[in-house]
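J.: What follows is coords.tsv, TSV, C-alpha atoms and all ligand atoms.
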```tsv
chain	number	residue	atom	x	y	z
A	1	MET	CA	-126.51	-31.74	-38.72
A	2	ASP	CA	-126.98	-34.96	-40.66
A	3	LYS	CA	-123.56	-34.64	-42.18
A	4	GLU	CA	-121.96	-34.26	-38.74
A	5	ARG	CA	-123.70	-37.41	-37.45
A	6	LEU	CA	-122.62	-39.31	-40.48
A	7	GLN	CA	-119.01	-38.23	-39.94
A	8	ASP	CA	-119.22	-39.20	-36.27
A	9	GLU	CA	-120.54	-42.64	-37.12
A	10	LEU	CA	-117.87	-43.09	-39.73
A	11	ARG	CA	-115.19	-42.25	-37.14
A	12	ILE	CA	-116.65	-44.70	-34.64
A	13	PHE	CA	-116.81	-47.35	-37.32
A	14	ARG	CA	-113.16	-46.72	-38.26
A	15	ASP	CA	-112.06	-46.85	-34.60
A	16	ARG	CA	-113.88	-50.11	-34.03
A	17	ASN	CA	-112.42	-51.60	-37.13
A	18	PHE	CA	-108.93	-50.56	-36.06
A	19	LEU	CA	-109.45	-52.10	-32.64
A	20	ARG	CA	-110.76	-55.32	-34.12
A	21	GLN	CA	-107.77	-55.59	-36.43
A	22	LYS	CA	-105.34	-55.00	-33.57
A	23	LEU	CA	-107.08	-57.60	-31.48
A	24	ARG	CA	-106.98	-60.07	-34.33
A	25	SER	CA	-103.22	-59.62	-34.90
A	26	SER	CA	-102.35	-60.00	-31.20
A	27	LEU	CA	-104.60	-63.05	-31.02
A	28	THR	CA	-102.60	-64.59	-33.87
A	29	VAL	CA	-99.39	-63.97	-31.97
A	30	TYR	CA	-100.80	-65.62	-28.82
A	31	VAL	CA	-102.10	-68.59	-30.76
A	32	LEU	CA	-98.70	-69.03	-32.42
A	33	LEU	CA	-96.96	-68.77	-29.06
A	34	ALA	CA	-99.31	-71.32	-27.52
A	35	LEU	CA	-98.73	-73.65	-30.44
A	36	SER	CA	-94.96	-73.41	-30.15
A	37	TYR	CA	-95.15	-74.07	-26.39
A	38	LEU	CA	-97.25	-77.11	-27.12
A	39	LEU	CA	-94.76	-78.29	-29.72
A	40	ILE	CA	-91.84	-77.87	-27.29
A	41	LEU	CA	-93.80	-79.73	-24.63
A	42	ILE	CA	-94.54	-82.59	-27.01
A	43	LEU	CA	-90.88	-82.78	-28.13
A	44	PHE	CA	-89.75	-82.79	-24.50
A	45	ALA	CA	-92.20	-85.55	-23.58
A	46	VAL	CA	-91.12	-87.63	-26.58
A	47	SER	CA	-87.41	-87.30	-25.82
A	48	LEU	CA	-88.05	-88.08	-22.13
A	49	SER	CA	-89.85	-91.28	-23.02
A	50	ARG	CA	-87.06	-92.23	-25.44
A	51	VAL	CA	-84.45	-91.72	-22.70
A	52	SER	CA	-86.40	-93.79	-20.20
A	53	VAL	CA	-86.82	-96.62	-22.74
A	54	LEU	CA	-83.08	-96.52	-23.48
A	55	SER	CA	-82.08	-96.54	-19.82
A	56	SER	CA	-84.39	-99.46	-19.04
A	57	GLN	CA	-82.87	-101.36	-21.97
A	58	LEU	CA	-79.41	-100.59	-20.63
A	59	THR	CA	-80.21	-101.87	-17.13
A	60	LYS	CA	-81.73	-105.00	-18.68
A	61	MET	CA	-78.54	-105.60	-20.68
A	62	HIS	CA	-76.41	-104.96	-17.61
A	63	ASN	CA	-78.43	-107.41	-15.52
A	64	GLU	CA	-78.24	-110.02	-18.26
A	65	LEU	CA	-74.47	-109.65	-18.41
A	66	LYS	CA	-74.27	-110.03	-14.64
A	67	ARG	CA	-76.47	-113.12	-14.72
A	68	ASN	CA	-74.34	-114.71	-17.44
A	69	HIS	CA	-71.27	-114.53	-15.25
A	70	SER	CA	-70.94	-116.02	-11.85
A	71	SER	CA	-69.16	-113.93	-9.25
A	72	ASN	CA	-66.29	-116.38	-9.65
A	73	ASP	CA	-65.64	-115.12	-13.19
A	74	PHE	CA	-65.09	-111.64	-11.79
A	75	LYS	CA	-62.79	-113.02	-9.12
A	76	LEU	CA	-60.69	-114.67	-11.82
A	77	PHE	CA	-60.89	-111.68	-14.17
A	78	PRO	CA	-61.32	-108.52	-12.11
A	79	CYS	CA	-60.93	-106.39	-15.26
A	80	GLY	CA	-64.06	-108.07	-16.62
A	81	PRO	CA	-64.56	-111.59	-18.02
A	82	GLU	CA	-65.64	-109.87	-21.25
A	83	ALA	CA	-62.37	-107.91	-21.56
A	84	ARG	CA	-59.68	-110.49	-21.01
A	85	GLU	CA	-57.14	-108.49	-22.98
A	86	TRP	CA	-57.02	-106.32	-19.83
A	87	GLU	CA	-54.92	-108.11	-17.23
A	88	TYR	CA	-55.29	-107.50	-13.53
A	89	PHE	CA	-52.40	-106.66	-11.24
A	90	SER	CA	-52.59	-105.06	-7.80
A	91	GLY	CA	-55.71	-102.96	-8.24
A	92	LYS	CA	-55.03	-102.00	-11.85
A	93	CYS	CA	-55.83	-103.31	-15.31
A	94	TYR	CA	-53.10	-103.54	-17.95
A	95	TYR	CA	-53.27	-103.85	-21.71
A	96	PHE	CA	-50.23	-105.13	-23.61
A	97	SER	CA	-50.61	-104.04	-27.21
A	98	LEU	CA	-50.34	-106.37	-30.17
A	99	ARG	CA	-49.29	-103.57	-32.51
A	100	GLU	CA	-46.18	-101.44	-32.67
A	101	THR	CA	-46.45	-97.68	-32.91
A	102	SER	CA	-44.84	-94.37	-31.89
A	103	TRP	CA	-44.96	-93.10	-28.29
A	104	GLN	CA	-47.38	-90.26	-29.12
A	105	ARG	CA	-49.74	-92.54	-31.01
A	106	ALA	CA	-49.56	-95.11	-28.18
A	107	LYS	CA	-50.48	-92.35	-25.70
A	108	VAL	CA	-53.55	-91.45	-27.79
A	109	LEU	CA	-54.52	-95.11	-28.25
A	110	CYS	CA	-54.49	-95.65	-24.47
A	111	GLU	CA	-56.55	-92.50	-23.92
A	112	GLU	CA	-59.08	-93.67	-26.48
A	113	VAL	CA	-59.82	-96.70	-24.27
A	114	HIS	CA	-60.00	-94.60	-21.07
A	115	SER	CA	-56.52	-95.47	-19.86
A	116	ARG	CA	-52.97	-94.09	-19.95
A	117	LEU	CA	-49.50	-95.38	-20.76
A	118	ALA	CA	-48.28	-97.44	-17.79
A	119	ILE	CA	-46.55	-95.78	-14.86
A	120	ILE	CA	-44.17	-98.02	-12.89
A	121	ASN	CA	-43.82	-97.12	-9.21
A	122	SER	CA	-42.78	-100.35	-7.54
A	123	HIS	CA	-40.64	-103.42	-7.89
A	124	ALA	CA	-43.76	-105.60	-7.79
A	125	GLN	CA	-45.26	-103.72	-10.73
A	126	GLN	CA	-41.91	-103.80	-12.57
A	127	ASN	CA	-41.78	-107.59	-12.05
A	128	PHE	CA	-45.28	-108.08	-13.41
A	129	ILE	CA	-44.51	-105.96	-16.49
A	130	MET	CA	-41.13	-107.60	-16.99
A	131	TYR	CA	-42.70	-111.06	-16.92
A	132	ARG	CA	-45.46	-110.02	-19.33
A	133	THR	CA	-43.27	-108.21	-21.87
A	134	ARG	CA	-40.82	-111.10	-22.30
A	135	ASN	CA	-37.84	-109.06	-23.50
A	136	GLN	CA	-39.95	-107.24	-26.11
A	137	ARG	CA	-39.94	-103.44	-26.30
A	138	PHE	CA	-43.05	-101.76	-24.90
A	139	TRP	CA	-43.63	-98.03	-24.40
A	140	ILE	CA	-44.28	-96.85	-20.85
A	141	GLY	CA	-45.66	-93.46	-19.76
A	142	LEU	CA	-42.25	-91.89	-19.20
A	143	SER	CA	-40.63	-89.05	-21.19
A	144	ASP	CA	-38.39	-86.01	-20.96
A	145	GLU	CA	-39.74	-84.29	-24.06
A	146	ASN	CA	-40.68	-81.12	-22.13
A	147	SER	CA	-37.27	-80.59	-20.58
A	148	GLU	CA	-34.18	-82.61	-21.53
A	149	GLY	CA	-33.05	-84.88	-18.69
A	150	GLU	CA	-36.14	-84.26	-16.53
A	151	TRP	CA	-37.87	-87.60	-16.81
A	152	LYS	CA	-41.52	-87.29	-15.93
A	153	TRP	CA	-44.33	-89.81	-15.74
A	154	ILE	CA	-47.39	-89.17	-17.85
A	155	ASP	CA	-49.37	-88.01	-14.78
A	156	GLY	CA	-46.83	-85.21	-14.26
A	157	SER	CA	-44.99	-86.91	-11.40
A	158	ASP	CA	-41.20	-86.78	-11.20
A	159	SER	CA	-39.45	-90.07	-11.96
A	160	THR	CA	-36.03	-89.22	-10.58
A	161	THR	CA	-37.15	-89.40	-6.93
A	162	GLY	CA	-39.23	-92.59	-7.01
A	163	PHE	CA	-38.68	-96.10	-8.34
A	164	THR	CA	-36.46	-96.42	-11.45
A	165	TYR	CA	-35.25	-99.37	-13.47
A	166	TRP	CA	-33.00	-97.87	-16.16
A	167	LYS	CA	-30.67	-100.24	-18.00
A	168	GLU	CA	-27.05	-99.55	-17.13
A	169	GLY	CA	-25.82	-96.50	-19.06
A	170	GLU	CA	-29.39	-95.31	-19.78
A	171	PRO	CA	-30.90	-92.82	-20.31
A	172	ASN	CA	-28.12	-91.78	-22.72
A	173	ASN	CA	-30.09	-89.54	-25.11
A	174	SER	CA	-28.30	-91.20	-28.01
A	175	GLY	CA	-28.03	-88.85	-31.01
A	176	GLN	CA	-29.44	-86.12	-28.72
A	177	ASN	CA	-32.83	-87.33	-29.83
A	178	GLU	CA	-34.18	-89.78	-27.23
A	179	ASP	CA	-37.08	-88.39	-25.21
A	180	CYS	CA	-39.36	-91.39	-24.66
A	181	ALA	CA	-38.86	-94.53	-22.57
A	182	HIS	CA	-39.69	-98.17	-23.19
A	183	VAL	CA	-38.99	-101.41	-21.36
A	184	TRP	CA	-36.36	-103.44	-23.14
A	185	THR	CA	-34.60	-106.77	-22.54
A	186	TYR	CA	-35.09	-108.00	-18.94
A	187	GLY	CA	-37.70	-105.26	-18.60
A	188	GLU	CA	-35.01	-102.64	-18.15
A	189	TRP	CA	-35.77	-99.10	-19.26
A	190	ASN	CA	-34.15	-97.34	-22.21
A	191	ASP	CA	-34.71	-93.92	-23.72
A	192	VAL	CA	-35.27	-93.91	-27.46
A	193	ARG	CA	-36.56	-91.47	-30.10
A	194	CYS	CA	-40.32	-90.99	-29.64
A	195	THR	CA	-41.05	-91.84	-33.29
A	196	TYR	CA	-39.56	-95.32	-32.81
A	197	GLU	CA	-42.26	-97.98	-33.24
A	198	CYS	CA	-42.75	-100.58	-30.54
A	199	TYR	CA	-45.52	-102.18	-28.48
A	200	TYR	CA	-47.07	-100.26	-25.59
A	201	ILE	CA	-48.66	-100.85	-22.18
A	202	CYS	CA	-51.86	-99.08	-21.10
A	203	GLU	CA	-53.12	-99.06	-17.51
A	204	LYS	CA	-56.35	-98.06	-15.79
A	205	PRO	CA	-57.83	-98.62	-12.33
A	206	ALA	CA	-59.65	-101.94	-11.95
A	207	PRO	CA	-63.47	-101.58	-11.77
A	208	PRO	CA	-64.93	-101.87	-8.24
A	209	LEU	CA	-66.02	-105.40	-7.33
B	1	LIG	C1	-28.35	-98.40	-28.61
B	1	LIG	C2	-28.12	-97.65	-27.31
B	1	LIG	C3	-29.43	-97.16	-26.74
B	1	LIG	C4	-30.22	-96.43	-27.78
B	1	LIG	C5	-30.42	-97.28	-29.01
B	1	LIG	C6	-31.15	-96.55	-30.09
B	1	LIG	O1	-28.90	-99.64	-28.36
B	1	LIG	O2	-27.32	-96.55	-27.54
B	1	LIG	O3	-29.22	-96.32	-25.67
B	1	LIG	O4	-31.43	-96.00	-27.26
B	1	LIG	O5	-29.18	-97.69	-29.49
B	1	LIG	O6	-31.50	-97.40	-31.13
B	2	CA	CA	-31.04	-94.81	-25.00
```
Rewrite the structure from the file as structure tokens, please.

T.:
Amino acid sequence: MDKERLQDELRIFRDRNFLRQKLRSSLTVYVLLALSYLLILILFAVSLSRVSVLSSQLTKMHNELKRNHSSNDFKLFPCGPEAREWEYFSGKCYYFSLRETSWQRAKVLCEEVHSRLAIINSHAQQNFIMYRTRNQRFWIGLSDENSEGEWKWIDGSDSTTGFTYWKEGEPNNSGQNEDCAHVWTYGEWNDVRCTYECYYICEKPAPPL
């Protein structure tokens, strides 16, 4: 009789102990979870405050810049009084490089400053470029490297249907190796090998006033 009771109590004790242990381990898991949530929350709050500080600093800088320039400065330099190397013409900003390089490299260099090699669609634009390039050779965004004789602008548009200004006798694909176009003397266009090194013209839309 006594032995049976003792065994019963022992079983109850073991069961309780088991339950307590289980409870303890799940409690640990919950505590860990809660802690990690808290950590994430703190990290989120910290990064949010950082972002807001940064954005307020940015607006302050922007306002300061605006204050430093009268609206007249922007009228005179629509591409930005701070970026005078970009010259305004008819709604666009143009950069005439000071270094000579290949057509491919010129293309990348324009892209790196959020622009593209210049596309010439009108006589007015051709005149502006002609005046600015002063008989020097400058790459423009025109090539037939994808398909010989199919001259395409860098935005994919066909150049045979629109405005052209090829020098007489050009494009002649001299040496069967001329797939890129530059402006030459009198601003006239010539095809030349793409690895040739000359200046280049980048263009981008003018910022809104
Ligand atoms: C000459 C002409 C051009 C050609 C260049 C290459 O000037 O044949 O068409 O592009 O040579 O240097
Ligand atoms: Ca040529």

J.: Hey, which residues come within 8 Å of ligand CA 2 (chain B) if we count only C-alpha atoms and all ligand atoms? Could you give them as a list in words?

T.: Glu170, Pro171, Asn172, Asn173, Ser174, Glu178, Asn190, Asp191 and Val192 of chain A

J.: Within 12 Å of (-24.6, -104.9, -19.0) (coordinates as in the file), grab all the protein and nucleic acid residues, counting all atoms listed in the file, and write them out as a list in words.

T.: Trp166, Lys167, Glu168, Gly169, Glu170, Thr185, Tyr186 and Glu188 of chain A

J.: Take the residues from that selection and put them in a file with C-alpha atoms, as a PDB file, keeping the file's coordinate frame.

T.:
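Written file, result.pdb:
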```pdb
ATOM      1  CA  TRP A 166     -33.000 -97.870 -16.160  1.00  0.00           C
ATOM      2  CA  LYS A 167     -30.670-100.240 -18.000  1.00  0.00           C
ATOM      3  CA  GLU A 168     -27.050 -99.550 -17.130  1.00  0.00           C
ATOM      4  CA  GLY A 169     -25.820 -96.500 -19.060  1.00  0.00           C
ATOM      5  CA  GLU A 170     -29.390 -95.310 -19.780  1.00  0.00           C
ATOM      6  CA  THR A 185     -34.600-106.770 -22.540  1.00  0.00           C
ATOM      7  CA  TYR A 186     -35.090-108.000 -18.940  1.00  0.00           C
ATOM      8  CA  GLU A 188     -35.010-102.640 -18.150  1.00  0.00           C
TER       9      GLU A 188
END
```

J.: Ranking A:Arg116, A:Arg137, A:Lys204, A:Lys152 by minimum distance to ligand LIG 1 (chain B) and counting all atoms listed in the file, which one comes first?

T.: A:Arg137

J.: Given the point (-36.1, -94.8, -30.4) in the file's coordinates, find the residues that have an atom at most 9 Å from it, counting only C-alpha atoms, and give them as a ChimeraX atom specification.

T.: /A:102,174,177-182,190-198

J.: Using C-alpha atoms, can you export the residues from the last selection as an mmCIF file, in the coordinates of the input?

T.:
```
data_model
loop_
_atom_site.group_PDB
_atom_site.id
_atom_site.type_symbol
_atom_site.label_atom_id
_atom_site.label_comp_id
_atom_site.auth_asym_id
_atom_site.auth_seq_id
_atom_site.Cartn_x
_atom_site.Cartn_y
_atom_site.Cartn_z
ATOM 1 C CA SER A 102 -44.840 -94.370 -31.890
ATOM 2 C CA SER A 174 -28.300 -91.200 -28.010
ATOM 3 C CA ASN A 177 -32.830 -87.330 -29.830
ATOM 4 C CA GLU A 178 -34.180 -89.780 -27.230
ATOM 5 C CA ASP A 179 -37.080 -88.390 -25.210
ATOM 6 C CA CYS A 180 -39.360 -91.390 -24.660
ATOM 7 C CA ALA A 181 -38.860 -94.530 -22.570
ATOM 8 C CA HIS A 182 -39.690 -98.170 -23.190
ATOM 9 C CA ASN A 190 -34.150 -97.340 -22.210
ATOM 10 C CA ASP A 191 -34.710 -93.920 -23.720
ATOM 11 C CA VAL A 192 -35.270 -93.910 -27.460
ATOM 12 C CA ARG A 193 -36.560 -91.470 -30.100
ATOM 13 C CA CYS A 194 -40.320 -90.990 -29.640
ATOM 14 C CA THR A 195 -41.050 -91.840 -33.290
ATOM 15 C CA TYR A 196 -39.560 -95.320 -32.810
ATOM 16 C CA GLU A 197 -42.260 -97.980 -33.240
ATOM 17 C CA CYS A 198 -42.750 -100.580 -30.540
#
```

J.: For the atom pair atom CA of A:Glu112 and atom CA of A:Lys92, what is the interatomic distance in Å to one decimal place?

T.: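 Rounded to one decimal, the two atoms are 17.3 Å apart.
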
J.: Please, what distance in Å, to one decimal, runs between atom CA of A:Glu85 and atom CA of A:Asp144?

T.: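 Here the two named atoms are 29.3 Å from each other.
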
J.: Between A:Tyr199, A:Phe44, A:Gln125, A:Val31, which residue has the minimum interatomic distance to A:Ala106, considering only C-alpha atoms?

T.: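 Closest to A:Ala106, using only C-alpha atoms: A:Tyr199.
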
J.: What does the distance from atom CA of A:Asn127 to atom CA of A:Glu203 come to in Å, to one decimal?

T.: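 According to the coordinates, atom CA of A:Asn127 and atom CA of A:Glu203 are separated by 15.2 Å.
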
J.: Counting all atoms listed in the file, which of A:Leu58, A:Ile119, A:Leu76, A:Val183 gets nearest to ligand LIG 1 (chain B)?

T.: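 Smallest separation from ligand LIG 1 (chain B) among the options: A:Val183.
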
J.: Can you report as lines of an AutoDock Vina configuration file the centre and edge lengths in Å, to one decimal, of an axis-aligned box around the listed atoms of ligand LIG 1 (chain B) padded with 4 Å on each side?

T.:
```
center_x = -29.4
center_y = -97.8
center_z = -28.4
size_x = 12.2
size_y = 11.6
size_z = 13.5
```

J.: Taking the partial coordinates given, rebuild stretch 39-72 of chain A to contain N, CA and C atoms; return it as a PDB file, in the coordinates of the input.

T.:
```pdb
ATOM      1  N   LEU A  39     -95.716 -77.510 -28.921  1.00  0.00           N
ATOM      2  CA  LEU A  39     -94.760 -78.290 -29.720  1.00  0.00           C
ATOM      3  C   LEU A  39     -93.543 -78.649 -28.882  1.00  0.00           C
ATOM      4  N   ILE A  40     -93.020 -77.649 -28.158  1.00  0.00           N
ATOM      5  CA  ILE A  40     -91.840 -77.870 -27.290  1.00  0.00           C
ATOM      6  C   ILE A  40     -92.173 -78.929 -26.241  1.00  0.00           C
ATOM      7  N   LEU A  41     -93.371 -78.787 -25.666  1.00  0.00           N
ATOM      8  CA  LEU A  41     -93.800 -79.730 -24.630  1.00  0.00           C
ATOM      9  C   LEU A  41     -93.844 -81.150 -25.185  1.00  0.00           C
ATOM     10  N   ILE A  42     -94.420 -81.267 -26.386  1.00  0.00           N
ATOM     11  CA  ILE A  42     -94.540 -82.590 -27.010  1.00  0.00           C
ATOM     12  C   ILE A  42     -93.146 -83.167 -27.272  1.00  0.00           C
ATOM     13  N   LEU A  43     -92.255 -82.334 -27.844  1.00  0.00           N
ATOM     14  CA  LEU A  43     -90.880 -82.780 -28.130  1.00  0.00           C
ATOM     15  C   LEU A  43     -90.193 -83.240 -26.861  1.00  0.00           C
ATOM     16  N   PHE A  44     -90.368 -82.465 -25.786  1.00  0.00           N
ATOM     17  CA  PHE A  44     -89.750 -82.790 -24.500  1.00  0.00           C
ATOM     18  C   PHE A  44     -90.264 -84.134 -23.997  1.00  0.00           C
ATOM     19  N   ALA A  45     -91.595 -84.303 -24.067  1.00  0.00           N
ATOM     20  CA  ALA A  45     -92.200 -85.550 -23.580  1.00  0.00           C
ATOM     21  C   ALA A  45     -91.679 -86.736 -24.388  1.00  0.00           C
ATOM     22  N   VAL A  46     -91.591 -86.542 -25.718  1.00  0.00           N
ATOM     23  CA  VAL A  46     -91.120 -87.630 -26.580  1.00  0.00           C
ATOM     24  C   VAL A  46     -89.687 -88.005 -26.246  1.00  0.00           C
ATOM     25  N   SER A  47     -88.814 -86.976 -26.104  1.00  0.00           N
ATOM     26  CA  SER A  47     -87.410 -87.300 -25.820  1.00  0.00           C
ATOM     27  C   SER A  47     -87.269 -87.942 -24.441  1.00  0.00           C
ATOM     28  N   LEU A  48     -88.093 -87.489 -23.480  1.00  0.00           N
ATOM     29  CA  LEU A  48     -88.050 -88.080 -22.130  1.00  0.00           C
ATOM     30  C   LEU A  48     -88.401 -89.553 -22.191  1.00  0.00           C
ATOM     31  N   SER A  49     -89.438 -89.873 -22.951  1.00  0.00           N
ATOM     32  CA  SER A  49     -89.850 -91.280 -23.020  1.00  0.00           C
ATOM     33  C   SER A  49     -88.770 -92.111 -23.707  1.00  0.00           C
ATOM     34  N   ARG A  50     -88.141 -91.516 -24.752  1.00  0.00           N
ATOM     35  CA  ARG A  50     -87.060 -92.230 -25.440  1.00  0.00           C
ATOM     36  C   ARG A  50     -85.930 -92.562 -24.454  1.00  0.00           C
ATOM     37  N   VAL A  51     -85.547 -91.547 -23.665  1.00  0.00           N
ATOM     38  CA  VAL A  51     -84.450 -91.720 -22.700  1.00  0.00           C
ATOM     39  C   VAL A  51     -84.794 -92.813 -21.704  1.00  0.00           C
ATOM     40  N   SER A  52     -86.037 -92.794 -21.226  1.00  0.00           N
ATOM     41  CA  SER A  52     -86.400 -93.790 -20.200  1.00  0.00           C
ATOM     42  C   SER A  52     -86.394 -95.197 -20.817  1.00  0.00           C
ATOM     43  N   VAL A  53     -86.845 -95.304 -22.075  1.00  0.00           N
ATOM     44  CA  VAL A  53     -86.820 -96.620 -22.740  1.00  0.00           C
ATOM     45  C   VAL A  53     -85.377 -97.095 -22.869  1.00  0.00           C
ATOM     46  N   LEU A  54     -84.499 -96.182 -23.317  1.00  0.00           N
ATOM     47  CA  LEU A  54     -83.080 -96.520 -23.480  1.00  0.00           C
ATOM     48  C   LEU A  54     -82.452 -96.965 -22.177  1.00  0.00           C
ATOM     49  N   SER A  55     -82.730 -96.199 -21.097  1.00  0.00           N
ATOM     50  CA  SER A  55     -82.080 -96.540 -19.820  1.00  0.00           C
ATOM     51  C   SER A  55     -82.599 -97.877 -19.295  1.00  0.00           C
ATOM     52  N   SER A  56     -83.885 -98.160 -19.509  1.00  0.00           N
ATOM     53  CA  SER A  56     -84.390 -99.460 -19.040  1.00  0.00           C
ATOM     54  C   SER A  56     -83.759-100.594 -19.851  1.00  0.00           C
ATOM     55  N   GLN A  57     -83.542-100.337 -21.158  1.00  0.00           N
ATOM     56  CA  GLN A  57     -82.870-101.360 -21.970  1.00  0.00           C
ATOM     57  C   GLN A  57     -81.452-101.595 -21.475  1.00  0.00           C
ATOM     58  N   LEU A  58     -80.783-100.498 -21.122  1.00  0.00           N
ATOM     59  CA  LEU A  58     -79.410-100.590 -20.630  1.00  0.00           C
ATOM     60  C   LEU A  58     -79.330-101.410 -19.349  1.00  0.00           C
ATOM     61  N   THR A  59     -80.248-101.116 -18.391  1.00  0.00           N
ATOM     62  CA  THR A  59     -80.210-101.870 -17.130  1.00  0.00           C
ATOM     63  C   THR A  59     -80.501-103.342 -17.383  1.00  0.00           C
ATOM     64  N   LYS A  60     -81.418-103.610 -18.336  1.00  0.00           N
ATOM     65  CA  LYS A  60     -81.730-105.000 -18.680  1.00  0.00           C
ATOM     66  C   LYS A  60     -80.469-105.698 -19.188  1.00  0.00           C
ATOM     67  N   MET A  61     -79.760-105.021 -20.115  1.00  0.00           N
ATOM     68  CA  MET A  61     -78.540-105.600 -20.680  1.00  0.00           C
ATOM     69  C   MET A  61     -77.507-105.858 -19.596  1.00  0.00           C
ATOM     70  N   HIS A  62     -77.388-104.863 -18.706  1.00  0.00           N
ATOM     71  CA  HIS A  62     -76.410-104.960 -17.610  1.00  0.00           C
ATOM     72  C   HIS A  62     -76.723-106.165 -16.729  1.00  0.00           C
ATOM     73  N   ASN A  63     -78.016-106.299 -16.369  1.00  0.00           N
ATOM     74  CA  ASN A  63     -78.430-107.410 -15.520  1.00  0.00           C
ATOM     75  C   ASN A  63     -78.178-108.750 -16.191  1.00  0.00           C
ATOM     76  N   GLU A  64     -78.455-108.788 -17.503  1.00  0.00           N
ATOM     77  CA  GLU A  64     -78.240-110.020 -18.260  1.00  0.00           C
ATOM     78  C   GLU A  64     -76.761-110.411 -18.219  1.00  0.00           C
ATOM     79  N   LEU A  65     -75.913-109.418 -18.444  1.00  0.00           N
ATOM     80  CA  LEU A  65     -74.470-109.650 -18.410  1.00  0.00           C
ATOM     81  C   LEU A  65     -74.054-110.217 -17.063  1.00  0.00           C
ATOM     82  N   LYS A  66     -74.606-109.594 -16.004  1.00  0.00           N
ATOM     83  CA  LYS A  66     -74.270-110.030 -14.640  1.00  0.00           C
ATOM     84  C   LYS A  66     -74.715-111.472 -14.426  1.00  0.00           C
ATOM     85  N   ARG A  67     -75.931-111.793 -14.906  1.00  0.00           N
ATOM     86  CA  ARG A  67     -76.470-113.120 -14.720  1.00  0.00           C
ATOM     87  C   ARG A  67     -75.633-114.177 -15.454  1.00  0.00           C
ATOM     88  N   ASN A  68     -75.117-113.765 -16.636  1.00  0.00           N
ATOM     89  CA  ASN A  68     -74.340-114.710 -17.440  1.00  0.00           C
ATOM     90  C   ASN A  68     -73.002-115.076 -16.811  1.00  0.00           C
ATOM     91  N   HIS A  69     -72.546-114.237 -15.884  1.00  0.00           N
ATOM     92  CA  HIS A  69     -71.270-114.530 -15.250  1.00  0.00           C
ATOM     93  C   HIS A  69     -71.459-114.760 -13.772  1.00  0.00           C
ATOM     94  N   SER A  70     -70.877-115.818 -13.286  1.00  0.00           N
ATOM     95  CA  SER A  70     -70.940-116.020 -11.850  1.00  0.00           C
ATOM     96  C   SER A  70     -69.937-115.074 -11.212  1.00  0.00           C
ATOM     97  N   SER A  71     -70.067-114.861  -9.911  1.00  0.00           N
ATOM     98  CA  SER A  71     -69.160-113.930  -9.250  1.00  0.00           C
ATOM     99  C   SER A  71     -67.726-114.463  -9.312  1.00  0.00           C
ATOM    100  N   ASN A  72     -67.614-115.771  -9.526  1.00  0.00           N
ATOM    101  CA  ASN A  72     -66.290-116.380  -9.650  1.00  0.00           C
ATOM    102  C   ASN A  72     -65.538-115.858 -10.866  1.00  0.00           C
TER     103      ASN A  72
END
```
